[in-house]
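Chemist: Pasting structure12.txt here (compact mmCIF, C-alpha atoms):
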```txt
# COMPACT_ATOMS: atom_id res chain seq x y z
CA MET A 5 -34.01 36.87 7.35
CA THR A 6 -32.00 38.98 4.92
CA VAL A 7 -28.94 40.63 6.47
CA ASN A 8 -27.95 44.13 5.36
CA TYR A 9 -24.17 43.70 5.47
CA SER A 10 -23.58 47.32 4.54
CA LYS A 11 -25.42 48.45 7.66
CA GLU A 12 -23.56 45.88 9.74
CA LEU A 13 -20.31 47.43 8.55
CA ASP A 14 -21.59 50.91 9.36
CA LYS A 15 -22.18 49.87 12.97
CA ILE A 16 -18.54 48.83 13.29
CA LEU A 17 -17.27 52.03 11.68
CA GLU A 18 -19.42 54.16 13.99
CA ASN A 19 -17.61 52.76 17.03
CA PRO A 20 -14.64 55.11 17.70
CA ASN A 21 -12.83 52.28 19.50
CA ASN A 22 -12.39 50.52 16.17
CA ARG A 23 -10.48 53.35 14.51
CA GLY A 24 -6.87 52.42 13.86
CA LYS A 25 -7.40 48.69 14.15
CA HIS A 26 -5.63 46.43 11.67
CA LEU A 27 -7.64 45.18 8.69
CA PHE A 28 -6.24 42.42 6.47
CA LEU A 29 -7.99 43.04 3.15
CA HIS A 30 -8.06 40.47 0.38
CA SER A 31 -8.09 42.24 -2.99
CA CYS A 32 -9.22 40.65 -6.24
CA CYS A 33 -7.89 43.54 -8.35
CA ALA A 34 -6.93 47.22 -8.27
CA PRO A 35 -10.23 48.58 -9.68
CA CYS A 36 -12.34 46.77 -7.08
CA SER A 37 -10.01 47.74 -4.26
CA SER A 38 -9.95 51.43 -5.21
CA TYR A 39 -13.27 52.37 -3.62
CA VAL A 40 -12.80 50.02 -0.66
CA LEU A 41 -9.44 51.60 0.17
CA GLU A 42 -10.80 55.11 -0.23
CA TYR A 43 -13.74 54.23 2.01
CA LEU A 44 -11.95 52.35 4.80
CA ARG A 45 -8.45 53.82 5.09
CA SER A 46 -9.63 56.57 7.46
CA PHE A 47 -10.94 53.90 9.84
CA PHE A 48 -8.40 51.07 9.66
CA ARG A 49 -4.72 50.38 9.18
CA ILE A 50 -5.04 48.32 6.02
CA THR A 51 -2.81 45.58 4.71
CA VAL A 52 -3.89 44.62 1.21
CA PHE A 53 -3.41 40.91 0.55
CA TYR A 54 -3.22 40.17 -3.16
CA TYR A 55 -3.95 36.46 -3.49
CA ASN A 56 -5.65 35.30 -6.70
CA PRO A 57 -4.50 31.86 -7.89
CA ASN A 58 -7.64 31.71 -10.03
CA ILE A 59 -5.97 33.94 -12.64
CA THR A 60 -4.97 31.36 -15.23
CA GLN A 61 -2.51 33.24 -17.42
CA GLU A 62 0.66 34.38 -15.67
CA GLU A 63 0.97 37.45 -17.89
CA GLU A 64 -2.53 38.51 -16.85
CA TYR A 65 -1.71 37.86 -13.21
CA ARG A 66 1.46 40.00 -13.38
CA ARG A 67 -0.41 42.83 -15.07
CA ARG A 68 -3.10 42.85 -12.40
CA VAL A 69 -0.77 42.68 -9.42
CA SER A 70 1.35 45.44 -10.94
CA GLU A 71 -1.74 47.66 -11.16
CA GLN A 72 -2.56 46.90 -7.54
CA ILE A 73 0.91 47.93 -6.40
CA ARG A 74 0.78 51.09 -8.53
CA LEU A 75 -2.62 52.11 -7.17
CA ILE A 76 -1.52 51.76 -3.55
CA GLY A 77 1.63 53.74 -4.26
CA GLU A 78 -0.36 56.58 -5.80
CA MET A 79 -2.93 56.61 -3.01
CA ASN A 80 -0.18 56.70 -0.38
CA ARG A 81 1.43 59.69 -2.09
CA GLU A 82 -1.75 61.75 -2.04
CA PRO A 83 -2.61 64.10 0.86
CA SER A 84 -4.40 61.75 3.22
CA GLY A 85 -5.58 63.84 6.15
CA GLU A 86 -6.42 61.38 8.90
CA ALA A 87 -6.13 58.36 6.62
CA PHE A 88 -3.63 55.62 7.43
CA PRO A 89 -0.88 54.48 5.01
CA ILE A 90 -1.75 51.33 3.07
CA GLU A 91 0.54 48.30 2.99
CA ILE A 92 0.50 45.39 0.58
CA VAL A 93 1.44 41.72 0.78
CA GLU A 94 1.50 39.59 -2.36
CA GLY A 95 0.49 35.99 -1.87
CA VAL A 96 1.95 33.02 -3.68
CA TYR A 97 0.78 32.61 -7.25
CA GLU A 98 -0.32 28.97 -7.19
CA ARG A 99 -2.78 28.38 -10.00
CA GLU A 100 -2.41 24.60 -9.70
CA ARG A 101 -3.98 24.87 -6.25
CA PHE A 102 -6.96 26.60 -7.83
CA PHE A 103 -7.33 23.91 -10.49
CA ALA A 104 -7.16 21.19 -7.82
CA CYS A 105 -9.86 22.91 -5.77
CA VAL A 106 -12.33 23.29 -8.64
CA LYS A 107 -11.69 19.89 -10.25
CA GLY A 108 -15.02 18.44 -11.33
CA LEU A 109 -16.69 21.85 -11.29
CA GLU A 110 -15.30 23.12 -14.58
CA GLU A 111 -18.72 23.18 -16.28
CA CYS A 112 -20.54 25.01 -13.49
CA ARG A 113 -22.19 28.27 -14.44
CA GLU A 114 -20.45 31.52 -13.55
CA GLY A 115 -21.41 32.50 -10.01
CA GLY A 116 -22.25 28.92 -9.05
CA GLN A 117 -20.50 26.27 -7.00
CA ARG A 118 -17.12 26.64 -8.72
CA CYS A 119 -17.01 30.32 -7.85
CA GLN A 120 -17.98 29.62 -4.25
CA VAL A 121 -15.13 27.14 -3.92
CA CYS A 122 -12.81 29.79 -5.37
CA PHE A 123 -14.08 32.40 -2.88
CA GLU A 124 -13.35 30.02 -0.03
CA LEU A 125 -9.88 29.22 -1.33
CA ARG A 126 -8.91 32.89 -1.35
CA LEU A 127 -10.64 33.80 1.89
CA ARG A 128 -9.16 30.82 3.73
CA GLU A 129 -5.64 31.96 2.88
CA THR A 130 -6.57 35.51 3.86
CA ALA A 131 -7.91 34.39 7.24
CA ARG A 132 -4.83 32.25 7.88
CA LEU A 133 -2.37 35.05 7.22
CA ALA A 134 -4.52 37.64 8.97
CA LYS A 135 -4.37 35.49 12.08
CA GLU A 136 -0.59 35.14 11.75
CA ALA A 137 -0.30 38.92 11.38
CA GLU A 138 -2.44 39.37 14.52
CA ALA A 139 -4.84 41.57 12.56
CA ASP A 140 -8.10 42.60 14.17
CA TYR A 141 -10.25 41.94 11.09
CA PHE A 142 -10.12 40.38 7.66
CA THR A 143 -12.41 40.85 4.69
CA THR A 144 -12.44 40.97 0.87
CA THR A 145 -13.16 43.41 -1.94
CA LEU A 146 -15.20 40.74 -3.75
CA THR A 147 -18.55 42.08 -2.54
CA ILE A 148 -18.17 45.22 -4.65
CA SER A 149 -19.02 43.28 -7.80
CA PRO A 150 -22.69 43.33 -8.90
CA LEU A 151 -22.06 39.86 -10.35
CA LYS A 152 -21.03 38.25 -7.03
CA ASN A 153 -23.28 37.01 -4.24
CA ALA A 154 -22.44 39.19 -1.24
CA ALA A 155 -24.50 37.04 1.14
CA LYS A 156 -22.58 33.90 0.19
CA ILE A 157 -19.21 35.68 0.47
CA ASN A 158 -20.11 36.96 3.93
CA GLU A 159 -21.33 33.52 4.94
CA ILE A 160 -18.01 31.95 3.90
CA GLY A 161 -16.02 34.72 5.59
CA GLN A 162 -17.88 34.44 8.87
CA ARG A 163 -17.45 30.68 8.95
CA LEU A 164 -13.72 30.95 8.31
CA GLY A 165 -13.48 33.71 10.91
CA LYS A 166 -14.83 31.32 13.53
CA GLU A 167 -12.50 28.56 12.33
CA PHE A 168 -9.36 30.72 12.56
CA GLY A 169 -10.42 32.84 15.51
CA ILE A 170 -10.41 36.22 13.78
CA PHE A 171 -13.32 38.56 13.11
CA PHE A 172 -14.61 38.79 9.54
CA LEU A 173 -15.59 42.34 8.63
CA PRO A 174 -19.06 42.20 6.99
CA SER A 175 -19.53 44.11 3.77
CA ASP A 176 -21.55 44.72 0.66
CA PHE A 177 -19.27 47.28 -0.95
CA LYS A 178 -21.44 47.65 -4.06
CA LYS A 179 -23.98 49.49 -1.89
CA LYS A 180 -23.84 53.30 -1.53
CA ASP A 181 -22.77 53.49 -5.20
CA GLY A 182 -19.54 51.70 -4.32
CA TYR A 183 -19.29 49.98 -7.68
CA LYS A 184 -20.00 53.25 -9.49
CA ARG A 185 -17.29 54.97 -7.46
CA SER A 186 -14.81 52.21 -8.31
CA ILE A 187 -15.37 52.97 -12.00
CA GLU A 188 -14.75 56.67 -11.38
CA LEU A 189 -11.56 55.92 -9.45
CA SER A 190 -10.39 53.52 -12.15
CA ALA A 191 -10.67 56.38 -14.63
CA LYS A 192 -8.90 58.77 -12.26
CA TYR A 193 -5.91 56.46 -11.82
CA GLY A 194 -5.98 55.01 -15.33
CA LEU A 195 -6.41 51.47 -14.03
CA TYR A 196 -6.55 48.40 -16.21
CA ARG A 197 -10.10 47.01 -15.92
CA GLN A 198 -10.55 43.40 -16.93
CA ASP A 199 -13.92 41.98 -18.08
CA TYR A 200 -13.62 38.54 -16.45
CA CYS A 201 -12.53 37.25 -13.04
CA GLY A 202 -9.30 35.73 -14.30
CA CYS A 203 -9.92 32.01 -14.60
CA VAL A 204 -10.02 30.23 -17.93
CA TYR A 205 -13.63 29.13 -17.31
CA SER A 206 -14.84 32.69 -16.79
CA LYS A 207 -12.95 33.87 -19.86
CA GLU A 208 -14.48 31.15 -22.02
CA GLN A 209 -17.97 31.97 -20.77
CA ARG A 210 -17.52 35.67 -21.56
CA TYR A 211 -16.23 34.74 -25.04
CA THR A 212 -19.20 32.44 -25.65
CA GLN A 213 -21.71 35.03 -24.44
CA GLY A 214 -20.09 37.69 -26.62
CA ARG A 215 -20.18 35.40 -29.66
CA GLU A 216 -23.84 34.54 -29.04
CA ARG A 217 -24.75 38.24 -28.74
CA ALA A 218 -22.89 39.00 -31.97
CA GLU A 219 -24.68 36.17 -33.80
CA LEU A 220 -28.05 37.39 -32.50
CA CYS A 221 -27.31 40.91 -33.71
CA GLN A 222 -26.33 39.58 -37.14
CA ARG A 223 -29.57 37.55 -37.38
CA ASN A 224 -31.67 40.54 -36.36
CA LEU A 225 -29.92 42.74 -38.92
CA ALA A 226 -30.40 40.14 -41.66
CA GLU A 227 -34.11 39.85 -40.84
CA LYS A 228 -34.54 43.62 -41.13
CA GLN A 229 -32.88 43.61 -44.54
CA ILE A 230 -35.20 40.92 -45.92
```
Can the structure from this file be put into structure tokens for me?
Modeler:
Amino acid sequence: MTVNYSKELDKILENPNNRGKHLFLHSCCAPCSSYVLEYLRSFFRITVFYYNPNITQEEEYRRRVSEQIRLIGEMNREPSGEAFPIEIVEGVYERERFFACVKGLEECREGGQRCQVCFELRLRETARLAKEAEADYFTTTLTISPLKNAAKINEIGQRLGKEFGIFFLPSDFKKKDGYKRSIELSAKYGLYRQDYCGCVYSKEQRYTQGRERAELCQRNLAEKQI
């Protein structure tokens, strides 16, 4: 049976007893978090947890975390009505831990087993710290991406929630035009939008796909000129 995680989230948000509870939110980047924060900050007290050891290049990591901090600062300065202030916690940048976790999976396709191991690595740390912080819920912005399997992310989150004894907030943030809204908010705040997840394997795959598309275009153009 297919679960509609967006509707499951709606049920939680419709319960007035949940307003003001503490949500520990893993963020993969500022653009993806923009819509999620706009959407949820009127319901929850949110602590953004920036933990992404999958980002291979330290310069890239620093640029992305800087954008996350800037976005939260700007959102907190805006008139918020009944919205709660947003806090942020930066995790440890430990890319060697990522490489150890995905060892042997380097050649997996994007979105496959390597990515699932990476999701679990980041969500496990989120669940652990959410429990330490005595948060009511934890979740991740990852489900806003059209390229990521929301069902698998929710499955991992729910399993870790049971393991750590903290409730995983279900989501499929790409629904209700969430991804589209994240693009609009990225433009509004002038956010840096990357075109790969951050790891060297994703970057290489994007480069290869781009090169193959360019070569195909060149062949098609040459055939038309013959």
Chemist: So the first atom is CA of Leu127 (chain A) and the second is CA of Gly24 (chain A); what is the distance between them in Å, to one decimal place?
Modeler: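 CA of Gly24 (chain A) lies 22.5 Å from CA of Leu127 (chain A).
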Chemist: Measure the distance from CA of Phe88 (chain A) to CA of Lys166 (chain A) in Å and round it to one decimal.
Modeler: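 Separation of CA of Phe88 (chain A) and CA of Lys166 (chain A): 27.4 Å.
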Chemist: What does the distance between CA of Glu63 (chain A) and CA of Ala34 (chain A) come to in Å, to one decimal place?
Modeler: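 Result for CA of Glu63 (chain A) versus CA of Ala34 (chain A): 15.8 Å, one decimal.
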Chemist: Give as number ranges by chain every residue, naming chains and numbers as the document does, that has an atom within 10 Å of (-23.7, 50.3, -3.4), counting all atoms listed in the file.
Modeler: A: 10, 147-150, 176-185
Chemist: With a distance cut-off of 9 Å and only C-alpha atoms, select the neighbouring residues of Arg101 (chain A), excluding the residue or stretch itself and same-chain residues fewer than 5 positions from it, and output the selection as a tab-separated table (two decimals) with C-alpha atoms, in the coordinates of the input.
Modeler:
```tsv
chain	number	residue	atom	x	y	z
A	57	PRO	CA	-4.50	31.86	-7.89
A	58	ASN	CA	-7.64	31.71	-10.03
A	106	VAL	CA	-12.33	23.29	-8.64
A	125	LEU	CA	-9.88	29.22	-1.33
```
Chemist: How close does region 6-99 of chain A get to region 195-204 of chain A? List, as a Markdown table, each residue of region 6-99 of chain A within 12 Å, its nearest atom pair and the distance in Å to one decimal, counting all atoms listed in the file.
Modeler:
```
| residue | atom | partner | partner_atom | distance |
| --- | --- | --- | --- | --- |
| A:Cys32 | CA | A:Cys201 | CA | 8.3 |
| A:Cys33 | CA | A:Arg197 | CA | 8.6 |
| A:Ala34 | CA | A:Leu195 | CA | 7.2 |
| A:Pro35 | CA | A:Arg197 | CA | 6.4 |
| A:Cys36 | CA | A:Arg197 | CA | 9.1 |
| A:Ser37 | CA | A:Leu195 | CA | 11.1 |
| A:Ser38 | CA | A:Leu195 | CA | 9.5 |
| A:Asn56 | CA | A:Gly202 | CA | 8.4 |
| A:Pro57 | CA | A:Cys203 | CA | 8.6 |
| A:Asn58 | CA | A:Cys203 | CA | 5.1 |
| A:Ile59 | CA | A:Gly202 | CA | 4.1 |
| A:Thr60 | CA | A:Cys203 | CA | 5.0 |
| A:Gln61 | CA | A:Gly202 | CA | 7.9 |
| A:Glu62 | CA | A:Gly202 | CA | 10.1 |
| A:Glu63 | CA | A:Gly202 | CA | 11.0 |
| A:Glu64 | CA | A:Gly202 | CA | 7.8 |
| A:Tyr65 | CA | A:Gly202 | CA | 8.0 |
| A:Arg66 | CA | A:Gly202 | CA | 11.6 |
| A:Arg67 | CA | A:Tyr196 | CA | 8.4 |
| A:Arg68 | CA | A:Tyr196 | CA | 7.6 |
| A:Val69 | CA | A:Tyr196 | CA | 10.6 |
| A:Ser70 | CA | A:Tyr196 | CA | 9.9 |
| A:Glu71 | CA | A:Leu195 | CA | 6.7 |
| A:Gln72 | CA | A:Leu195 | CA | 8.8 |
| A:Ile73 | CA | A:Leu195 | CA | 11.2 |
| A:Arg74 | CA | A:Leu195 | CA | 9.1 |
| A:Leu75 | CA | A:Leu195 | CA | 7.9 |
| A:Ile76 | CA | A:Leu195 | CA | 11.6 |
| A:Glu78 | CA | A:Leu195 | CA | 11.4 |
| A:Arg99 | CA | A:Cys203 | CA | 9.2 |
```
Chemist: Using only C-alpha atoms, which of A:Lys135, A:Gly194, A:Asn22, A:Leu44 sits nearest Glu167 (chain A)?
Modeler: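 Smallest separation from Glu167 (chain A) among the options: A:Lys135.
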